[in-house]
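As stored in protein.cif (mmCIF, C-alpha atoms; chains and numbers go by the auth columns):
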```cif
data_entry
loop_
_atom_site.group_PDB
_atom_site.id
_atom_site.type_symbol
_atom_site.label_atom_id
_atom_site.label_comp_id
_atom_site.label_asym_id
_atom_site.label_seq_id
_atom_site.Cartn_x
_atom_site.Cartn_y
_atom_site.Cartn_z
_atom_site.B_iso_or_equiv
_atom_site.auth_seq_id
_atom_site.auth_asym_id
ATOM 1 C CA MET A 1 -58.081 -9.427 45.532 0.00 1 A
ATOM 2 C CA ASN A 2 -59.947 -6.567 47.208 0.00 2 A
ATOM 3 C CA LEU A 3 -60.871 -6.335 50.884 0.00 3 A
ATOM 4 C CA LEU A 4 -64.643 -5.851 50.944 0.00 4 A
ATOM 5 C CA ALA A 5 -67.605 -5.999 53.294 0.00 5 A
ATOM 6 C CA THR A 6 -69.791 -8.707 51.810 0.00 6 A
ATOM 7 C CA VAL A 7 -73.489 -9.161 52.525 0.00 7 A
ATOM 8 C CA ILE A 8 -75.698 -12.223 52.192 0.00 8 A
ATOM 9 C CA GLY A 9 -79.384 -11.751 53.031 0.00 9 A
ATOM 10 C CA ASP A 10 -82.597 -13.697 52.835 0.00 10 A
ATOM 11 C CA VAL A 11 -86.197 -13.632 54.011 0.00 11 A
ATOM 12 C CA VAL A 12 -87.102 -15.074 57.416 0.00 12 A
ATOM 13 C CA SER A 13 -89.784 -17.793 57.195 0.00 13 A
ATOM 14 C CA SER A 14 -90.337 -16.977 53.523 0.00 14 A
ATOM 15 C CA ARG A 15 -92.512 -20.065 53.005 0.00 15 A
ATOM 16 C CA HIS A 16 -95.095 -18.557 55.347 0.00 16 A
ATOM 17 C CA VAL A 17 -95.394 -15.259 53.449 0.00 17 A
ATOM 18 C CA GLY A 18 -98.883 -15.185 51.926 0.00 18 A
ATOM 19 C CA ASP A 19 -98.183 -13.251 48.730 0.00 19 A
ATOM 20 C CA ARG A 20 -94.695 -14.462 47.846 0.00 20 A
ATOM 21 C CA ALA A 21 -94.748 -12.876 44.391 0.00 21 A
ATOM 22 C CA GLY A 22 -95.785 -9.526 45.842 0.00 22 A
ATOM 23 C CA MET A 23 -93.115 -9.783 48.532 0.00 23 A
ATOM 24 C CA HIS A 24 -90.490 -10.568 45.900 0.00 24 A
ATOM 25 C CA ARG A 25 -91.464 -7.498 43.881 0.00 25 A
ATOM 26 C CA GLU A 26 -91.335 -5.319 46.988 0.00 26 A
ATOM 27 C CA LEU A 27 -87.910 -6.676 47.938 0.00 27 A
ATOM 28 C CA ALA A 28 -86.607 -6.223 44.379 0.00 28 A
ATOM 29 C CA ALA A 29 -87.655 -2.569 44.409 0.00 29 A
ATOM 30 C CA LEU A 30 -86.069 -2.154 47.837 0.00 30 A
ATOM 31 C CA LEU A 31 -82.760 -3.629 46.637 0.00 31 A
ATOM 32 C CA ASP A 32 -82.762 -1.169 43.733 0.00 32 A
ATOM 33 C CA ARG A 33 -83.450 1.738 46.087 0.00 33 A
ATOM 34 C CA VAL A 34 -80.743 0.759 48.561 0.00 34 A
ATOM 35 C CA ASN A 35 -78.271 0.214 45.706 0.00 35 A
ATOM 36 C CA ALA A 36 -78.973 3.753 44.486 0.00 36 A
ATOM 37 C CA ASP A 37 -78.572 5.199 47.983 0.00 37 A
ATOM 38 C CA THR A 38 -75.481 3.286 49.124 0.00 38 A
ATOM 39 C CA SER A 39 -73.319 2.779 45.996 0.00 39 A
ATOM 40 C CA PRO A 40 -72.091 -0.780 46.713 0.00 40 A
ATOM 41 C CA VAL A 41 -68.993 -2.113 44.959 0.00 41 A
ATOM 42 C CA THR A 42 -71.061 -5.089 43.826 0.00 42 A
ATOM 43 C CA PRO A 43 -74.762 -4.161 43.688 0.00 43 A
ATOM 44 C CA LEU A 44 -77.220 -6.110 45.785 0.00 44 A
ATOM 45 C CA ARG A 45 -78.943 -8.687 43.577 0.00 45 A
ATOM 46 C CA PHE A 46 -80.903 -11.917 43.918 0.00 46 A
ATOM 47 C CA THR A 47 -78.962 -15.167 43.683 0.00 47 A
ATOM 48 C CA VAL A 48 -81.291 -18.114 44.385 0.00 48 A
ATOM 49 C CA GLY A 49 -84.914 -17.786 45.514 0.00 49 A
ATOM 50 C CA ASP A 50 -85.187 -14.971 48.033 0.00 50 A
ATOM 51 C CA GLU A 51 -81.458 -14.894 48.834 0.00 51 A
ATOM 52 C CA PHE A 52 -79.539 -11.795 47.750 0.00 52 A
ATOM 53 C CA GLN A 53 -75.914 -10.690 47.885 0.00 53 A
ATOM 54 C CA GLY A 54 -73.833 -7.554 47.503 0.00 54 A
ATOM 55 C CA ALA A 55 -70.486 -6.106 48.533 0.00 55 A
ATOM 56 C CA PHE A 56 -69.451 -2.757 49.986 0.00 56 A
ATOM 57 C CA ALA A 57 -66.203 -0.897 50.380 0.00 57 A
ATOM 58 C CA THR A 58 -66.530 -0.706 54.178 0.00 58 A
ATOM 59 C CA ILE A 59 -68.236 -2.443 57.087 0.00 59 A
ATOM 60 C CA GLU A 60 -69.932 0.873 57.897 0.00 60 A
ATOM 61 C CA GLN A 61 -71.623 0.931 54.505 0.00 61 A
ATOM 62 C CA ALA A 62 -72.761 -2.659 54.876 0.00 62 A
ATOM 63 C CA LEU A 63 -74.230 -1.949 58.315 0.00 63 A
ATOM 64 C CA ARG A 64 -76.167 1.061 57.083 0.00 64 A
ATOM 65 C CA ALA A 65 -77.451 -0.807 54.019 0.00 65 A
ATOM 66 C CA THR A 66 -78.649 -3.843 55.988 0.00 66 A
ATOM 67 C CA LEU A 67 -80.594 -1.662 58.435 0.00 67 A
ATOM 68 C CA ARG A 68 -82.366 0.078 55.558 0.00 68 A
ATOM 69 C CA LEU A 69 -83.157 -3.250 53.925 0.00 69 A
ATOM 70 C CA ARG A 70 -84.647 -4.801 57.038 0.00 70 A
ATOM 71 C CA VAL A 71 -86.701 -1.775 58.066 0.00 71 A
ATOM 72 C CA GLY A 72 -87.761 -1.167 54.477 0.00 72 A
ATOM 73 C CA LEU A 73 -89.361 -4.609 54.059 0.00 73 A
ATOM 74 C CA LEU A 74 -91.105 -4.727 57.439 0.00 74 A
ATOM 75 C CA PRO A 75 -93.921 -5.478 58.109 0.00 75 A
ATOM 76 C CA THR A 76 -94.340 -7.434 54.843 0.00 76 A
ATOM 77 C CA ALA A 77 -91.511 -9.787 55.847 0.00 77 A
ATOM 78 C CA ASP A 78 -88.382 -9.815 57.967 0.00 78 A
ATOM 79 C CA LEU A 79 -84.816 -10.159 56.695 0.00 79 A
ATOM 80 C CA ARG A 80 -81.686 -11.741 58.108 0.00 80 A
ATOM 81 C CA HIS A 81 -78.177 -10.713 57.072 0.00 81 A
ATOM 82 C CA GLY A 82 -74.697 -12.129 57.297 0.00 82 A
ATOM 83 C CA ILE A 83 -71.914 -9.571 56.877 0.00 83 A
ATOM 84 C CA GLY A 84 -68.373 -10.698 56.127 0.00 84 A
ATOM 85 C CA PHE A 85 -65.097 -8.886 55.696 0.00 85 A
ATOM 86 C CA GLY A 86 -62.155 -10.163 53.740 0.00 86 A
ATOM 87 C CA ALA A 87 -60.533 -10.605 50.382 0.00 87 A
ATOM 88 C CA VAL A 88 -62.820 -11.034 47.373 0.00 88 A
ATOM 89 C CA THR A 89 -61.795 -12.329 43.961 0.00 89 A
ATOM 90 C CA VAL A 90 -63.823 -11.754 40.788 0.00 90 A
ATOM 91 C CA LEU A 91 -63.932 -15.057 38.907 0.00 91 A
ATOM 92 C CA GLN A 92 -66.199 -13.839 36.107 0.00 92 A
ATOM 93 C CA ASP A 93 -67.654 -10.471 35.106 0.00 93 A
ATOM 94 C CA GLU A 94 -70.784 -11.446 33.135 0.00 94 A
ATOM 95 C CA PRO A 95 -72.643 -12.795 34.958 0.00 95 A
ATOM 96 C CA ARG A 96 -70.794 -11.595 38.046 0.00 96 A
ATOM 97 C CA VAL A 97 -69.179 -14.423 40.013 0.00 97 A
ATOM 98 C CA GLU A 98 -67.080 -13.694 43.116 0.00 98 A
ATOM 99 C CA ASP A 99 -65.240 -15.891 45.600 0.00 99 A
ATOM 100 C CA GLY A 100 -62.825 -15.634 48.475 0.00 100 A
ATOM 101 C CA PRO A 101 -62.591 -15.283 52.272 0.00 101 A
ATOM 102 C CA GLY A 102 -64.923 -12.280 52.303 0.00 102 A
ATOM 103 C CA TRP A 103 -67.778 -14.408 50.964 0.00 103 A
ATOM 104 C CA TRP A 104 -66.921 -17.383 53.167 0.00 104 A
ATOM 105 C CA ALA A 105 -67.116 -15.055 56.183 0.00 105 A
ATOM 106 C CA ALA A 106 -70.541 -13.729 55.106 0.00 106 A
ATOM 107 C CA ARG A 107 -71.841 -17.292 54.743 0.00 107 A
ATOM 108 C CA GLU A 108 -70.503 -18.151 58.204 0.00 108 A
ATOM 109 C CA ALA A 109 -72.233 -15.038 59.564 0.00 109 A
ATOM 110 C CA ILE A 110 -75.661 -15.803 58.130 0.00 110 A
ATOM 111 C CA ASP A 111 -75.349 -19.401 59.330 0.00 111 A
ATOM 112 C CA ALA A 112 -74.755 -17.971 62.818 0.00 112 A
ATOM 113 C CA VAL A 113 -78.004 -15.992 62.511 0.00 113 A
ATOM 114 C CA HIS A 114 -79.881 -19.168 61.574 0.00 114 A
ATOM 115 C CA ASP A 115 -78.398 -20.889 64.631 0.00 115 A
ATOM 116 C CA ALA A 116 -79.361 -17.995 66.915 0.00 116 A
ATOM 117 C CA GLU A 117 -82.961 -18.122 65.684 0.00 117 A
ATOM 118 C CA ASP A 118 -83.222 -21.716 66.928 0.00 118 A
ATOM 119 C CA HIS A 119 -82.796 -20.602 70.568 0.00 119 A
ATOM 120 C CA PRO A 120 -85.616 -18.797 72.433 0.00 120 A
ATOM 121 C CA ALA A 121 -83.219 -16.347 74.096 0.00 121 A
ATOM 122 C CA THR A 122 -81.805 -15.147 70.771 0.00 122 A
ATOM 123 C CA ARG A 123 -84.571 -15.816 68.256 0.00 123 A
ATOM 124 C CA TRP A 124 -84.782 -12.071 67.493 0.00 124 A
ATOM 125 C CA VAL A 125 -81.186 -11.959 66.171 0.00 125 A
ATOM 126 C CA ARG A 126 -81.187 -11.014 62.493 0.00 126 A
ATOM 127 C CA THR A 127 -77.602 -9.866 61.777 0.00 127 A
ATOM 128 C CA ALA A 128 -74.117 -11.222 62.384 0.00 128 A
ATOM 129 C CA VAL A 129 -70.664 -10.206 61.200 0.00 129 A
ATOM 130 C CA ARG A 130 -67.566 -12.334 60.682 0.00 130 A
ATOM 131 C CA GLY A 131 -64.135 -11.774 59.199 0.00 131 A
ATOM 132 C CA GLU A 132 -60.519 -11.219 60.007 0.00 132 A
ATOM 133 C CA GLY A 133 -59.946 -7.868 61.708 0.00 133 A
ATOM 134 C CA VAL A 134 -63.628 -7.166 62.432 0.00 134 A
ATOM 135 C CA GLU A 135 -63.724 -5.161 65.653 0.00 135 A
ATOM 136 C CA ALA A 136 -65.559 -6.650 68.620 0.00 136 A
ATOM 137 C CA ALA A 137 -67.419 -3.346 69.023 0.00 137 A
ATOM 138 C CA VAL A 138 -69.023 -3.832 65.610 0.00 138 A
ATOM 139 C CA ALA A 139 -70.238 -7.313 66.478 0.00 139 A
ATOM 140 C CA ALA A 140 -71.505 -6.030 69.843 0.00 140 A
ATOM 141 C CA LEU A 141 -73.613 -3.326 68.165 0.00 141 A
ATOM 142 C CA LEU A 142 -75.697 -5.713 66.094 0.00 142 A
ATOM 143 C CA PRO A 143 -77.711 -7.550 68.798 0.00 143 A
ATOM 144 C CA LEU A 144 -78.699 -4.180 70.289 0.00 144 A
ATOM 145 C CA ARG A 145 -79.833 -2.930 66.888 0.00 145 A
ATOM 146 C CA ASP A 146 -81.711 -6.137 66.115 0.00 146 A
ATOM 147 C CA ARG A 147 -83.487 -6.118 69.477 0.00 147 A
ATOM 148 C CA ILE A 148 -84.748 -2.545 69.037 0.00 148 A
ATOM 149 C CA VAL A 149 -85.995 -3.194 65.491 0.00 149 A
ATOM 150 C CA ALA A 150 -87.713 -6.415 66.594 0.00 150 A
ATOM 151 C CA ALA A 151 -89.749 -4.434 69.127 0.00 151 A
ATOM 152 C CA LEU A 152 -91.006 -1.859 66.598 0.00 152 A
ATOM 153 C CA ASP A 153 -94.540 -2.034 65.270 0.00 153 A
ATOM 154 C CA GLU A 154 -95.553 -1.027 61.742 0.00 154 A
ATOM 155 C CA ARG A 155 -95.757 2.659 62.615 0.00 155 A
ATOM 156 C CA GLY A 156 -92.403 2.581 64.377 0.00 156 A
ATOM 157 C CA CYS A 157 -90.775 1.009 61.309 0.00 157 A
ATOM 158 C CA ALA A 158 -92.303 3.699 59.093 0.00 158 A
ATOM 159 C CA ILE A 159 -90.944 6.444 61.346 0.00 159 A
ATOM 160 C CA LEU A 160 -87.472 4.881 61.430 0.00 160 A
ATOM 161 C CA ALA A 161 -87.449 4.372 57.655 0.00 161 A
ATOM 162 C CA GLY A 162 -88.396 8.014 57.132 0.00 162 A
ATOM 163 C CA LEU A 163 -85.668 9.274 59.432 0.00 163 A
ATOM 164 C CA LEU A 164 -83.065 7.058 57.748 0.00 164 A
ATOM 165 C CA ASP A 165 -84.145 8.619 54.448 0.00 165 A
ATOM 166 C CA GLY A 166 -83.442 12.064 55.914 0.00 166 A
ATOM 167 C CA ARG A 167 -87.079 13.142 56.128 0.00 167 A
ATOM 168 C CA ALA A 168 -88.292 15.678 58.680 0.00 168 A
ATOM 169 C CA GLN A 169 -90.477 14.538 61.573 0.00 169 A
ATOM 170 C CA ARG A 170 -93.317 16.823 60.451 0.00 170 A
ATOM 171 C CA GLU A 171 -93.282 15.264 56.976 0.00 171 A
ATOM 172 C CA ILE A 172 -93.364 11.764 58.484 0.00 172 A
ATOM 173 C CA ALA A 173 -96.247 12.812 60.744 0.00 173 A
ATOM 174 C CA ASP A 174 -98.246 14.074 57.764 0.00 174 A
ATOM 175 C CA ASP A 175 -97.762 10.785 55.917 0.00 175 A
ATOM 176 C CA LEU A 176 -98.897 8.783 58.945 0.00 176 A
ATOM 177 C CA ALA A 177 -101.781 11.172 59.734 0.00 177 A
ATOM 178 C CA ILE A 178 -100.560 11.734 63.282 0.00 178 A
ATOM 179 C CA SER A 179 -99.210 14.758 65.107 0.00 179 A
ATOM 180 C CA PRO A 180 -95.510 15.706 65.067 0.00 180 A
ATOM 181 C CA SER A 181 -95.516 15.385 68.856 0.00 181 A
ATOM 182 C CA ALA A 182 -96.719 11.774 68.520 0.00 182 A
ATOM 183 C CA VAL A 183 -93.837 11.067 66.161 0.00 183 A
ATOM 184 C CA SER A 184 -91.363 12.697 68.535 0.00 184 A
ATOM 185 C CA GLN A 185 -92.759 10.741 71.471 0.00 185 A
ATOM 186 C CA ARG A 186 -92.490 7.451 69.585 0.00 186 A
ATOM 187 C CA ILE A 187 -88.893 8.205 68.590 0.00 187 A
ATOM 188 C CA ARG A 188 -87.858 8.785 72.193 0.00 188 A
ATOM 189 C CA SER A 189 -89.776 5.896 73.759 0.00 189 A
ATOM 190 C CA SER A 190 -88.903 3.129 71.282 0.00 190 A
ATOM 191 C CA GLY A 191 -85.153 3.515 70.874 0.00 191 A
ATOM 192 C CA ILE A 192 -85.472 4.870 67.337 0.00 192 A
ATOM 193 C CA ASP A 193 -83.385 7.880 68.381 0.00 193 A
ATOM 194 C CA ALA A 194 -80.519 5.558 69.355 0.00 194 A
ATOM 195 C CA LEU A 195 -80.681 3.734 66.020 0.00 195 A
ATOM 196 C CA VAL A 196 -80.583 6.984 64.066 0.00 196 A
ATOM 197 C CA LEU A 197 -77.691 8.287 66.184 0.00 197 A
ATOM 198 C CA SER A 198 -75.789 5.054 65.584 0.00 198 A
ATOM 199 C CA ASP A 199 -76.485 5.246 61.850 0.00 199 A
ATOM 200 C CA GLN A 200 -75.202 8.813 61.736 0.00 200 A
ATOM 201 C CA ALA A 201 -72.041 7.785 63.571 0.00 201 A
ATOM 202 C CA LEU A 202 -71.464 5.077 60.959 0.00 202 A
ATOM 203 C CA ALA A 203 -72.017 7.619 58.192 0.00 203 A
ATOM 204 C CA ASP A 204 -69.247 9.775 59.648 0.00 204 A
ATOM 205 C CA GLN A 205 -66.829 6.877 59.055 0.00 205 A
ATOM 206 C CA VAL A 206 -67.730 6.426 55.390 0.00 206 A
ATOM 207 C CA PRO A 207 -65.278 7.926 52.871 0.00 207 A
ATOM 208 C CA ALA A 208 -66.474 10.886 50.825 0.00 208 A
ATOM 209 C CA ASP A 209 -66.899 8.683 47.750 0.00 209 A
ATOM 210 C CA GLY A 210 -68.834 6.045 49.712 0.00 210 A
ATOM 211 C CA LEU A 211 -72.472 6.290 50.724 0.00 211 A
ATOM 212 C CA THR A 212 -74.602 8.847 49.011 0.00 212 A
ATOM 213 C CA GLU A 213 -76.244 11.149 51.556 0.00 213 A
#
```
In structure tokens, write the structure found in this file.
Amino acid sequence: MNLLATVIGDVVSSRHVGDRAGMHRELAALLDRVNADTSPVTPLRFTVGDEFQGAFATIEQALRATLRLRVGLLPTADLRHGIGFGAVTVLQDEPRVEDGPGWWAAREAIDAVHDAEDHPATRWVRTAVRGEGVEAAVAALLPLRDRIVAALDERGCAILAGLLDGRAQREIADDLAISPSAVSQRIRSSGIDALVLSDQALADQVPADGLTE
């Protein structure tokens, strides 16, 4: 058994997405891109319908990957994620079948997100983490992150996605046909700067052979 950070994700209100086939293609390409950028132990892949799963060596990697996934699919559709931490057993290699407390914790986490969405005060919650030894500070970070992302418009998501990809503000401004000062202003006023700072802090905790920068 290996101790891993497991991730279960799916699309929020997927039945109401107009072009479901187009959304699926966009999400599939996004999973491939995030797999290439984050080097998961078990690559993110679809399981049933629009649900996908993957596993990472550390919680930090899982947190960074789930932010990129959510921001990358907006505004086409929103994603929810359950992150677990615990022992994982490989039952079968081809096709890959895994089991264990790590996956049970991820399922418990995504169920908690579903429950939160049923209450008006927490309907913007999109991420939860469960598992033995998970620090309270990690769980406390996620509602703050989810709330900031929920308040971003399409342009804000594009700016955040560009910064997470390591792009310069001027390059992002050119793509959006706005001034660099407008990009800078949006970063400061929307909380994007805090998200990027948090993401960088998580990157500092990833082992050298973990996330690809």
Can you list, as a PyMOL selection string, every protein, DNA or RNA residue that comes within 7 Å of region 24-28 of chain A when you count only C-alpha atoms, leaving out same-chain residues fewer than 4 positions away? chain A and resi 20+32+73
Work out how far apart CA of Ser198 (chain A) and CA of Val12 (chain A) are and give it in Å to one decimal. 24.5 Å
Please produce, as CSV, a per-residue contact table for region 87-142 of chain A versus region 49-62 of chain A (criterion: any atom at most 10 Å away, all atoms listed in the file considered), showing the nearest atom pair and its distance in Å to one decimal, sorted by chain then residue number.
```
residue,atom,partner,partner_atom,distance
A:Val88,CA,A:Ala55,CA,9.2
A:Glu98,CA,A:Ala55,CA,9.9
A:Gly102,CA,A:Ala55,CA,9.1
A:Trp103,CA,A:Ala55,CA,9.1
A:Ala106,CA,A:Gln53,CA,9.5
A:Val129,CA,A:Ile59,CA,9.1
A:Val134,CA,A:Ile59,CA,8.5
A:Val138,CA,A:Ile59,CA,8.7
```
To test your reading of the syntax: which residues would the PyMOL selection byres ((chain A and resi 197) around 12) return for the file shown? Reply as a list in words.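 Going through the file, the PyMOL selection byres ((chain A and resi 197) around 12) ends up selecting Arg64, Arg145, Leu160, Leu163, Leu164, Ile187, Arg188, Gly191, Ile192, Asp193, Ala194, Leu195, Val196, Ser198, Asp199, Gln200, Ala201, Leu202, Ala203 and Asp204 of chain A.
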Contacts of Glu132 (chain A) at 9 Å (all atoms listed in the file; same-chain gap of 5+ positions) as JSON, numbers by chain: {"A": [84, 85, 86, 101, 102, 105]}
Grab the CA of Val71 (chain A) to CA of Ala158 (chain A) distance for me, in Å with one decimal place.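 These two atoms are separated by 7.9 Å.
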What is the CA of His16 (chain A)-CA of Trp104 (chain A) distance in Å, reported with one decimal? 28.3 Å
Please produce, as a Markdown table, a per-residue contact table for region 124-177 of chain A versus region 77-83 of chain A (criterion: any atom at most 9 Å away, all atoms listed in the file considered), showing the nearest atom pair and its distance in Å to one decimal, sorted by chain then residue number.
```
| residue | atom | partner | partner_atom | distance |
| --- | --- | --- | --- | --- |
| A:Val125 | CA | A:Arg80 | CA | 8.1 |
| A:Arg126 | CA | A:Arg80 | CA | 4.5 |
| A:Thr127 | CA | A:His81 | CA | 4.8 |
| A:Ala128 | CA | A:Gly82 | CA | 5.2 |
| A:Val129 | CA | A:Ile83 | CA | 4.5 |
| A:Arg130 | CA | A:Ile83 | CA | 6.4 |
| A:Gly131 | CA | A:Ile83 | CA | 8.4 |
```
